[in-house]
>>> print(open('protein03.cif').read())   # mmCIF, C-alpha atoms and all ligand atoms
data_start
loop_
_atom_site.label_atom_id
_atom_site.label_comp_id
_atom_site.auth_asym_id
_atom_site.auth_seq_id
_atom_site.Cartn_x
_atom_site.Cartn_y
_atom_site.Cartn_z
CA MET D 1 0.00 0.00 0.00
CA ILE D 2 1.20 3.52 -0.84
CA LEU D 3 1.03 6.32 1.74
CA ALA D 4 0.81 9.78 0.12
CA VAL D 5 2.09 12.53 2.43
CA ALA D 6 1.99 16.32 2.07
CA ALA D 7 2.80 19.10 4.50
CA THR D 8 -0.42 21.09 4.18
CA LYS D 9 -4.11 20.65 3.37
CA LEU D 10 -3.59 23.07 0.48
CA GLU D 11 -1.23 20.55 -1.14
CA MET D 12 -3.29 17.47 -0.19
CA GLU D 13 -6.76 18.71 -1.23
CA PRO D 14 -6.37 18.58 -5.06
CA PHE D 15 -4.82 15.12 -4.75
CA LEU D 16 -7.72 13.80 -2.63
CA GLN D 17 -10.21 15.18 -5.16
CA LEU D 18 -8.51 13.18 -7.94
CA VAL D 19 -8.24 10.02 -5.84
CA GLU D 20 -11.90 10.20 -4.80
CA ARG D 21 -13.14 11.00 -8.31
CA GLU D 22 -11.21 8.09 -9.83
CA LYS D 23 -11.77 5.73 -6.84
CA THR D 24 -8.05 5.00 -6.43
CA ALA D 25 -6.92 3.09 -3.32
CA CYS D 26 -4.37 5.04 -1.31
CA LEU D 27 -3.71 6.19 2.25
CA SER D 28 -2.87 9.83 2.92
CA LEU D 29 -1.40 11.94 5.71
CA VAL D 30 -0.98 15.70 6.20
CA THR D 31 2.21 16.03 8.25
CA GLY D 32 2.34 19.75 9.04
CA VAL D 33 5.05 22.17 7.91
CA GLY D 34 8.71 21.62 8.77
CA PRO D 35 10.93 18.64 9.62
CA VAL D 36 9.95 18.26 13.29
CA GLU D 37 6.15 18.07 12.85
CA THR D 38 6.71 15.87 9.83
CA ALA D 39 8.99 13.38 11.57
CA VAL D 40 6.71 13.12 14.63
CA ARG D 41 3.44 12.69 12.74
CA LEU D 42 4.83 10.33 10.09
CA ALA D 43 6.61 8.12 12.63
CA LEU D 44 3.45 7.87 14.76
CA PHE D 45 1.38 7.01 11.70
CA LEU D 46 3.80 4.34 10.40
CA ALA D 47 4.11 2.78 13.85
CA GLU D 48 0.34 2.09 13.71
CA CYS D 49 0.46 0.59 10.19
CA ASP D 50 1.87 -2.86 11.02
CA GLY D 51 4.11 -3.03 7.95
CA LYS D 52 1.37 -2.58 5.36
CA ILE D 53 3.00 0.53 3.75
CA ASN D 54 5.62 -0.30 1.09
CA LEU D 55 6.10 3.24 -0.28
CA VAL D 56 5.84 6.72 1.22
CA LEU D 57 5.19 9.18 -1.61
CA ASN D 58 6.01 12.66 -0.38
CA PHE D 59 4.57 15.39 -2.60
CA GLY D 60 3.95 19.13 -2.60
CA VAL D 61 5.48 22.41 -3.66
CA ALA D 62 9.04 23.73 -3.58
CA GLY D 63 11.17 26.79 -4.25
CA ALA D 64 13.61 26.49 -7.20
CA TYR D 65 17.18 27.66 -6.74
CA VAL D 66 17.98 30.16 -9.50
CA GLY D 67 21.72 30.81 -8.95
CA GLU D 68 22.80 28.64 -11.88
CA PRO D 69 21.52 28.86 -15.47
CA GLY D 70 19.16 26.06 -16.48
CA HIS D 71 17.15 25.84 -13.28
CA PRO D 72 13.57 24.51 -12.92
CA GLU D 73 10.86 27.04 -13.78
CA TYR D 74 7.45 27.80 -12.26
CA LEU D 75 5.21 24.69 -12.12
CA ASP D 76 7.96 22.33 -13.33
CA ILE D 77 7.90 18.90 -11.73
CA CYS D 78 10.98 17.77 -9.79
CA LEU D 79 11.87 14.32 -8.44
CA ALA D 80 14.33 13.89 -5.57
CA GLU D 81 17.43 11.75 -6.09
CA GLU D 82 18.52 12.62 -2.57
CA GLU D 83 17.37 14.78 0.33
CA ILE D 84 19.72 16.92 2.39
CA PHE D 85 19.25 18.62 5.77
CA GLY D 86 20.59 21.88 4.33
CA ASP D 87 20.68 24.23 7.31
CA PHE D 88 21.80 21.88 10.07
CA GLY D 89 25.39 22.54 11.14
CA PHE D 90 27.60 25.60 11.66
CA CYS D 91 26.37 28.74 9.94
CA SER D 92 29.03 31.44 9.53
CA GLY D 93 26.79 33.86 7.66
CA ASN D 94 28.53 33.12 4.36
CA GLY D 95 28.05 29.38 4.39
CA ILE D 96 27.00 26.27 6.28
CA GLU D 97 29.33 23.51 7.34
CA TYR D 98 27.88 20.20 8.35
CA PHE D 99 28.93 18.59 11.65
CA LYS D 100 31.84 16.19 11.17
CA ARG D 101 30.91 14.00 14.16
CA ALA D 102 29.12 10.83 13.10
CA GLU D 103 26.88 10.82 16.19
CA PHE D 104 25.30 14.11 15.03
CA GLY D 105 23.63 12.23 12.18
CA LYS D 106 23.84 12.17 8.42
CA PRO D 107 23.03 15.19 6.24
CA ARG D 108 22.16 13.24 3.05
CA TYR D 109 19.56 10.56 2.34
CA SER D 110 19.39 8.80 -1.04
CA LEU D 111 15.88 8.06 -2.22
CA ASP D 112 14.81 4.76 -3.75
CA ARG D 113 16.40 4.41 -7.25
CA GLN D 114 13.84 1.91 -8.56
CA TRP D 115 10.84 4.05 -7.60
CA LEU D 116 12.55 7.13 -9.01
CA LYS D 117 13.06 5.34 -12.36
CA ARG D 118 9.49 4.09 -12.39
CA ALA D 119 8.10 7.54 -11.56
CA LYS D 120 10.16 9.16 -14.34
CA GLN D 121 8.88 6.60 -16.83
CA ILE D 122 5.23 7.14 -15.82
CA LEU D 123 5.59 10.92 -16.08
CA ASP D 124 7.38 10.56 -19.42
CA ASN D 125 4.53 8.39 -20.73
CA ASN D 126 2.16 11.21 -19.76
CA ARG D 127 4.34 13.81 -21.50
CA ILE D 128 5.51 15.37 -18.25
CA ASN D 129 9.18 16.28 -18.31
CA ALA D 130 10.53 15.97 -14.78
CA TRP D 131 13.76 17.32 -13.37
CA SER D 132 15.67 15.17 -10.93
CA GLY D 133 18.42 16.07 -8.49
CA SER D 134 19.22 17.02 -4.91
CA PHE D 135 16.45 18.52 -2.78
CA ILE D 136 17.37 20.67 0.20
CA THR D 137 15.25 20.60 3.37
CA VAL D 138 15.44 23.71 5.55
CA ASN D 139 13.93 24.72 8.88
CA CYS D 140 13.89 28.31 7.78
CA ALA D 141 12.67 28.99 4.23
CA SER D 142 15.18 31.16 2.35
CA ALA D 143 13.87 34.69 1.84
CA THR D 144 16.91 36.16 0.05
CA LEU D 145 18.67 35.29 -3.20
CA ARG D 146 21.96 35.37 -1.28
CA ARG D 147 20.92 32.61 1.12
CA GLY D 148 19.41 30.59 -1.72
CA ASN D 149 22.64 30.80 -3.71
CA MET D 150 24.65 29.81 -0.65
CA LEU D 151 22.53 26.68 -0.07
CA GLN D 152 22.45 25.83 -3.76
CA GLN D 153 26.24 26.07 -4.04
CA THR D 154 26.94 24.26 -0.76
CA TRP D 155 24.82 21.22 -1.66
CA LYS D 156 24.40 21.50 -5.47
CA GLY D 157 20.65 21.67 -4.87
CA LEU D 158 17.80 21.81 -7.36
CA CYS D 159 15.07 23.08 -5.06
CA GLU D 160 14.17 23.78 -1.46
CA ASN D 161 11.41 22.51 0.83
CA MET D 162 10.82 22.03 4.54
CA GLU D 163 9.98 18.34 5.03
CA GLY D 164 11.65 15.99 2.55
CA ALA D 165 14.77 14.99 4.48
CA ALA D 166 12.66 14.27 7.57
CA VAL D 167 10.40 11.97 5.53
CA ALA D 168 13.46 10.21 4.07
CA ARG D 169 14.97 9.80 7.56
CA VAL D 170 11.77 8.31 9.02
CA CYS D 171 11.39 5.95 6.03
CA ARG D 172 14.93 4.70 6.58
CA GLU D 173 14.09 4.01 10.23
CA PHE D 174 11.02 1.97 9.20
CA ASN D 175 12.82 0.38 6.21
CA ILE D 176 10.18 1.71 3.79
CA SER D 177 10.91 3.05 0.28
CA CYS D 178 10.53 6.78 -0.22
CA LEU D 179 9.76 8.82 -3.33
CA GLU D 180 9.45 12.62 -3.42
CA ILE D 181 7.82 14.75 -6.09
CA ARG D 182 7.33 18.51 -6.01
CA ALA D 183 6.11 21.27 -8.31
CA ILE D 184 7.85 24.65 -8.31
CA SER D 185 5.67 27.29 -6.64
CA ASN D 186 8.34 30.00 -6.37
CA TYR D 187 11.92 30.93 -7.00
CA VAL D 188 14.31 31.18 -4.06
CA GLU D 189 15.03 34.90 -4.35
CA ASP D 190 14.47 38.10 -2.39
CA ARG D 191 11.03 37.39 -0.99
CA ASP D 192 8.10 38.60 -3.09
CA PRO D 193 4.91 36.65 -2.32
CA SER D 194 3.14 38.27 -5.31
CA THR D 195 5.22 36.07 -7.66
CA TRP D 196 4.30 32.75 -6.00
CA GLN D 197 2.11 30.30 -7.94
CA LEU D 198 1.09 28.24 -4.92
CA ALA D 199 -2.38 27.00 -5.95
CA GLU D 200 -1.27 26.07 -9.49
CA ALA D 201 1.81 24.26 -8.15
CA CYS D 202 -0.36 22.31 -5.68
CA GLU D 203 -2.55 21.20 -8.62
CA LYS D 204 0.48 20.14 -10.69
CA ALA D 205 2.10 18.20 -7.86
CA ALA D 206 -1.21 16.48 -7.04
CA HIS D 207 -1.80 15.51 -10.66
CA ALA D 208 1.72 14.06 -11.11
CA THR D 209 1.39 12.17 -7.81
CA TYR D 210 -1.98 10.80 -8.84
CA LEU D 211 -0.55 9.58 -12.19
CA ILE D 212 2.24 7.72 -10.41
CA ILE D 213 -0.16 6.03 -7.99
CA LYS D 214 -2.69 5.19 -10.70
CA ASN D 215 -0.02 3.58 -12.90
CA THR D 216 1.73 1.59 -10.16
O1 LIG D 301 4.95 33.18 2.86
C1 LIG D 301 6.10 32.85 2.58
O2 LIG D 301 6.98 33.63 2.28
C2 LIG D 301 6.42 31.41 2.56
C3 LIG D 301 7.77 31.02 2.56
C4 LIG D 301 8.06 29.65 2.50
C5 LIG D 301 7.01 28.73 2.41
C6 LIG D 301 5.69 29.18 2.41
C7 LIG D 301 4.54 28.27 2.24
O3 LIG D 301 3.42 28.56 2.48
C8 LIG D 301 4.78 26.94 1.66
C9 LIG D 301 4.96 25.89 2.69
C10 LIG D 301 5.41 24.62 2.06
O4 LIG D 301 5.93 24.77 0.78
C11 LIG D 301 7.24 24.26 0.63
N1 LIG D 301 8.00 25.37 0.05
C12 LIG D 301 7.62 26.01 -1.05
N2 LIG D 301 8.52 26.92 -1.41
C13 LIG D 301 9.51 26.88 -0.50
C14 LIG D 301 10.73 27.61 -0.37
O5 LIG D 301 11.09 28.48 -1.18
N3 LIG D 301 11.49 27.29 0.71
C15 LIG D 301 11.14 26.33 1.58
N4 LIG D 301 9.99 25.63 1.47
C16 LIG D 301 9.18 25.89 0.44
C17 LIG D 301 7.64 23.77 2.01
O6 LIG D 301 7.86 22.39 1.96
C18 LIG D 301 6.47 24.08 2.94
O7 LIG D 301 5.89 22.97 3.51
C19 LIG D 301 5.39 30.50 2.48
#
>>> encode(input="protein03.cif", output="structure tokens")
Amino acid sequence: MILAVAATKLEMEPFLQLVEREKTACLSLVTGVGPVETAVRLALFLAECDGKINLVLNFGVAGAYVGEPGHPEYLDICLAEEEIFGDFGFCSGNGIEYFKRAEFGKPRYSLDRQWLKRAKQILDNNRINAWSGSFITVNCASATLRRGNMLQQTWKGLCENMEGAAVARVCREFNISCLEIRAISNYVEDRDPSTWQLAEACEKAAHATYLIIKNT
């Protein structure tokens, strides 16, 4: 059974409408925004599931890093090859250095290669061109181009969100595969909410997620 997780009702609602309309079998969970709420609520949910979940499909919206040419654009679909806790470590103002001590945890989590390949193929078959690369999870959403560029360059990131690495970490704990798909709602630049395409990105992410579940 697949568990579809999103941070907010805004992201989940268009997906549930599709699932209900097409009578597709799937469990869903709204985790709340940020890595802490996400880890707590997902771990509690999975602990109650008695091993019946074989894939956690994390979906929603993300901010695209724009520091390098050839970045994802508004409403583009992105698939995570890996998730990185991007702002955990030492922050000097100009950059972030991850803790070297092993007991402080790992910054990077690879996502399931087989599911990633399958998702790409399904999207391709539906004429959706998806980006894939490193996703950065932050506690504090970047509100300046300078911070976005710093995170992008530190981790070679494609886009930024606030939950993905926590989902990947919890999935590893429960030995469950994890796939993450996001649509670009905004660019990571000096904050200007008037440029965000939140509702449209929620629709895009929900539709792509629905296609993957329907064709699996
Ligand atoms: O009002 C704002 O300026 C603002 C800043 C960051 C995020 C939000 C949201 O309402 C979205 C929450 C949700 O979306 C993901 N997300 C989307 N874009 C970004 C981003 O540029 N940086 C970090 N997270 C982003 C995130 O996963 C949140 O759950 C509003």
>>> residues_around(input="protein03.cif", residues="stretch 88-93 of chain D", least_positions_apart="3", cutoff="10 Å", atoms="only C-alpha atoms", output="list in words")
Ile84, Phe85, Ile96, Glu97, Tyr98, Phe99, Lys100, Phe104, Pro107, Thr137, Val138, Asn139, Arg147 and Met150 of chain D
>>> closest_residue(input="protein03.cif", among="D:Ala62, D:Cys26, D:Ala141, D:Leu18", to="D:Glu180", atoms="all atoms listed in the file")
D:Ala62
>>> residues_around(input="protein03.cif", residues="D:Lys214", least_positions_apart="3", cutoff="10 Å", atoms="only C-alpha atoms", output="list in words")
Val19, Glu22, Lys23, Thr24, Ala25, Cys26, Ile122, Ala208, Thr209, Tyr210 and Leu211 of chain D
>>> residues_around(input="protein03.cif", residues="stretch 165-178 of chain D", least_positions_apart="3", cutoff="10 Å", atoms="only C-alpha atoms", output="PDB file with C-alpha atoms, in the coordinates of the input")
ATOM      1  CA  ILE D   2       1.200   3.520  -0.840  1.00  0.00           C
ATOM      2  CA  LEU D   3       1.030   6.320   1.740  1.00  0.00           C
ATOM      3  CA  VAL D   5       2.090  12.530   2.430  1.00  0.00           C
ATOM      4  CA  THR D  31       2.210  16.030   8.250  1.00  0.00           C
ATOM      5  CA  GLY D  34       8.710  21.620   8.770  1.00  0.00           C
ATOM      6  CA  PRO D  35      10.930  18.640   9.620  1.00  0.00           C
ATOM      7  CA  VAL D  36       9.950  18.260  13.290  1.00  0.00           C
ATOM      8  CA  GLU D  37       6.150  18.070  12.850  1.00  0.00           C
ATOM      9  CA  THR D  38       6.710  15.870   9.830  1.00  0.00           C
ATOM     10  CA  ALA D  39       8.990  13.380  11.570  1.00  0.00           C
ATOM     11  CA  VAL D  40       6.710  13.120  14.630  1.00  0.00           C
ATOM     12  CA  LEU D  42       4.830  10.330  10.090  1.00  0.00           C
ATOM     13  CA  ALA D  43       6.610   8.120  12.630  1.00  0.00           C
ATOM     14  CA  LEU D  46       3.800   4.340  10.400  1.00  0.00           C
ATOM     15  CA  ALA D  47       4.110   2.780  13.850  1.00  0.00           C
ATOM     16  CA  GLY D  51       4.110  -3.030   7.950  1.00  0.00           C
ATOM     17  CA  LYS D  52       1.370  -2.580   5.360  1.00  0.00           C
ATOM     18  CA  ILE D  53       3.000   0.530   3.750  1.00  0.00           C
ATOM     19  CA  ASN D  54       5.620  -0.300   1.090  1.00  0.00           C
ATOM     20  CA  LEU D  55       6.100   3.240  -0.280  1.00  0.00           C
ATOM     21  CA  VAL D  56       5.840   6.720   1.220  1.00  0.00           C
ATOM     22  CA  LEU D  57       5.190   9.180  -1.610  1.00  0.00           C
ATOM     23  CA  ASN D  58       6.010  12.660  -0.380  1.00  0.00           C
ATOM     24  CA  ALA D  80      14.330  13.890  -5.570  1.00  0.00           C
ATOM     25  CA  GLU D  82      18.520  12.620  -2.570  1.00  0.00           C
ATOM     26  CA  GLU D  83      17.370  14.780   0.330  1.00  0.00           C
ATOM     27  CA  ILE D  84      19.720  16.920   2.390  1.00  0.00           C
ATOM     28  CA  PHE D  85      19.250  18.620   5.770  1.00  0.00           C
ATOM     29  CA  GLY D  86      20.590  21.880   4.330  1.00  0.00           C
ATOM     30  CA  LYS D 106      23.840  12.170   8.420  1.00  0.00           C
ATOM     31  CA  PRO D 107      23.030  15.190   6.240  1.00  0.00           C
ATOM     32  CA  ARG D 108      22.160  13.240   3.050  1.00  0.00           C
ATOM     33  CA  TYR D 109      19.560  10.560   2.340  1.00  0.00           C
ATOM     34  CA  SER D 110      19.390   8.800  -1.040  1.00  0.00           C
ATOM     35  CA  LEU D 111      15.880   8.060  -2.220  1.00  0.00           C
ATOM     36  CA  ASP D 112      14.810   4.760  -3.750  1.00  0.00           C
ATOM     37  CA  ARG D 113      16.400   4.410  -7.250  1.00  0.00           C
ATOM     38  CA  GLN D 114      13.840   1.910  -8.560  1.00  0.00           C
ATOM     39  CA  TRP D 115      10.840   4.050  -7.600  1.00  0.00           C
ATOM     40  CA  LEU D 116      12.550   7.130  -9.010  1.00  0.00           C
ATOM     41  CA  PHE D 135      16.450  18.520  -2.780  1.00  0.00           C
ATOM     42  CA  ILE D 136      17.370  20.670   0.200  1.00  0.00           C
ATOM     43  CA  THR D 137      15.250  20.600   3.370  1.00  0.00           C
ATOM     44  CA  VAL D 138      15.440  23.710   5.550  1.00  0.00           C
ATOM     45  CA  ASN D 161      11.410  22.510   0.830  1.00  0.00           C
ATOM     46  CA  MET D 162      10.820  22.030   4.540  1.00  0.00           C
TER      47      MET D 162
END
>>> residues_near_ligand(input="protein03.cif", ligand="ligand LIG 301 (chain D)", cutoff="9 Å", atoms="only C-alpha atoms and all ligand atoms", output="NGL selection string")
:D and (6-8 or 11 or 32-34 or 59-65 or 136-143 or 148 or 159-164 or 182-189 or 191-193 or 196 or 198)
>>> axis_aligned_box(input="protein03.cif", around="stretch 176-184 of chain D", padding_each_side="8 Å", output="JSON")
{"center_x": 8.5, "center_y": 13.2, "center_z": -2.3, "size_x": 20.8, "size_y": 38.9, "size_z": 28.1}
>>> closest_residue(input="protein03.cif", among="D:Leu123, D:Ala102, D:Cys78, D:Ile128", to="D:Leu158", atoms="all atoms listed in the file")
D:Cys78
>>> atom_distance(input="protein03.cif", atom1="atom CA of D:Asn94", atom2="atom CA of D:Gln153")
11.2 Å
>>> atom_distance(input="protein03.cif", atom1="atom CA of D:Ser132", atom2="atom CA of D:Leu179")
11.5 Å
>>> atom_distance(input="protein03.cif", atom1="atom CA of D:Pro14", atom2="atom CA of D:Asp190")
28.7 Å
>>> closest_residue(input="protein03.cif", among="D:Arg41, D:Lys204, D:Lys156, D:Arg101", to="D:Ala130", atoms="only C-alpha atoms")
D:Lys204
>>> closest_residue(input="protein03.cif", among="D:Ile213, D:Trp131, D:Glu73, D:Asn125", to="D:Ser28", atoms="all atoms listed in the file")
D:Ile213
>>> closest_residue(input="protein03.cif", among="D:Ile181, D:Leu29, D:Met12, D:Ile212", to="D:Ala119", atoms="all atoms listed in the file")
D:Ile212
